[in-house]
Amino acid sequence: MTMTFPDVYMSPRLLAPGGAPADLPTHEQRYGPLPYGDPVALLRTVAESGLTGRGGAAFPVYRKLASVAEAGRRTGRTPVVVANGAEGEPASCKDKTLLRLSPHLVLDGIQVAAAAVGADEAHLAVEDGASYLESALARRDDPVAVRVVRLPKRFLSGQSSALARYVGGGAALPAHQDPPVRERGVHRAPTLVQNVETLAHLGLIARYGADWFRSAGTPAQPGSALCTVHVPGREVRVVEAPFGMPLGRLLPLDGMSAVLVGGYHGTWIPAAEAAELRLDAGFLGAGVLAALPADRCGLAETARVLRYLALQSAGQCGPCLNGLPRIAAAFRTLAAPGPQGTTRDDLARWSGLVEGRGACHHPDGTVRLVRSALTTFAAELDAHAHGLCTATDATPLLPVPHEESRHA
């Protein structure tokens, strides 16, 4: 996947100017020293900033920091910080880009998070670029040592419970979390799992304060976010944009039938509807924005993704192991012009059966994609039922790794 960085729609906060990686002297010259201060004051500043997680759930960062710190005091166990740079989402490269261009900003955020929750152990989990990050760490003199963890390349490796298990020496597989990771994670200690983009924002908030952070975005959703933008015929771009920006400024909508927002656990939205939307944490998910041209088949595109998601099952519970392959196979039937029989009804029934019953949210995210496709591409569904397909170009838009699950 080729990446270029020609379009950043605000004064960049996270990405190094010019698309060149920032070494430690450049980083310190650009951002200045990193203050730690009093943890209570730091938590107050994060609360006032309104920062939410950039890993998909958009959960308030202050609440997560405070809950981990409180769990540490209650249990007497020293918290652990895990920076999540897994980015198993095939259509996203925002975290990899951030770690390549601004590694020290992420490493700053890890130190700020450790100070906020009272941690003395920290890990940076990534699929790629471990050697580069280890070199960056070797040039720093941080209060809390950070260990780089190399993750297996799987869609679910970055799920919080899978990440905590792997960092602790187990398999990178999700687990039913009761209690949750924030109370019992790595080595049974309260564990903060935070996306690397979120941590980079945290490193800036510690320097410049809540008002500065709120100077971008909207009052309800302050700040900026990194997005991976897919447009046919163009190189994949990673851009930084403030919340509230019209989607039409981030990707072209003329001649498009739909936009995928949020990634493979996201939703398809008709292009006409997307033209009325602004960048919103409620649907941003993994930060993926992909424009589907009118000459492509959204059903075929979705079927490819669903097969991949089914193969990425951890194989630990029925909804994933049995439900997702059936859903993927049924959708392949809809993606091929011809008789559909009871396939639509089967999909609706199976989607209801798997939703909310998995060890993680993998079935829920997959069902979300299915339902949005059935709605957004309803006209194409009807055409397929009559043996027709309006698409004239079979070139895939979304990247799907050519790999098989051990459960395939």
# chains A, B, ... in the order shown; residues from 1 in each chain; ligands from 1
>>> select_by_dssp(residues="stretch 97-202 of chain A", states="strand (DSSP E or B)", output="ChimeraX atom specification")
/A:121-126,146-150,191-195
>>> write_last_selection(atoms="C-alpha atoms", output="JSON list (two decimals), in the first residue's frame")
[["chain", "number", "residue", "atom", "x", "y", "z"],
["A", 121, "GLU", "CA", 5.57, -0.67, 33.59],
["A", 122, "ALA", "CA", 4.70, 0.19, 29.98],
["A", 123, "HIS", "CA", 4.54, -1.64, 26.65],
["A", 124, "LEU", "CA", 4.18, -0.51, 23.04],
["A", 125, "ALA", "CA", 2.50, -3.22, 20.96],
["A", 126, "VAL", "CA", 2.92, -3.12, 17.18],
["A", 146, "VAL", "CA", 8.89, 0.96, 27.66],
["A", 147, "ARG", "CA", 9.12, -2.48, 26.06],
["A", 148, "VAL", "CA", 8.22, -2.91, 22.39],
["A", 149, "VAL", "CA", 6.03, -5.97, 21.83],
["A", 150, "ARG", "CA", 5.78, -7.55, 18.38],
["A", 191, "THR", "CA", -4.14, -2.14, 32.80],
["A", 192, "LEU", "CA", -4.61, 0.93, 30.63],
["A", 193, "VAL", "CA", -4.88, -0.06, 26.96],
["A", 194, "GLN", "CA", -4.85, 3.08, 24.84],
["A", 195, "ASN", "CA", -4.52, 3.64, 21.12]]
>>> select_by_dssp(residues="stretch 263-293 of chain A", states="helix (DSSP H, G or I)", output="PyMOL selection string")
chain A and resi 271-274+281-284
>>> residues_around(residues="stretch 98-107 of chain A", least_positions_apart="5", cutoff="6 Å", atoms="only C-alpha atoms", output="VMD selection string")
chain A and resid 16 21 to 22 196 199 to 200
>>> atom_distance(atom1="atom CA of A:His265", atom2="atom CA of A:Asp364")
8.0 Å
>>> residues_around(residues="A:Gly72", least_positions_apart="6", cutoff="7 Å", atoms="only C-alpha atoms", output="list in words")
Thr78, Pro79 and Pro190 of chain A
>>> closest_residue(among="A:Tyr308, A:Phe243, A:Arg207, A:Arg237", to="A:Glu28", atoms="only C-alpha atoms")
A:Arg207
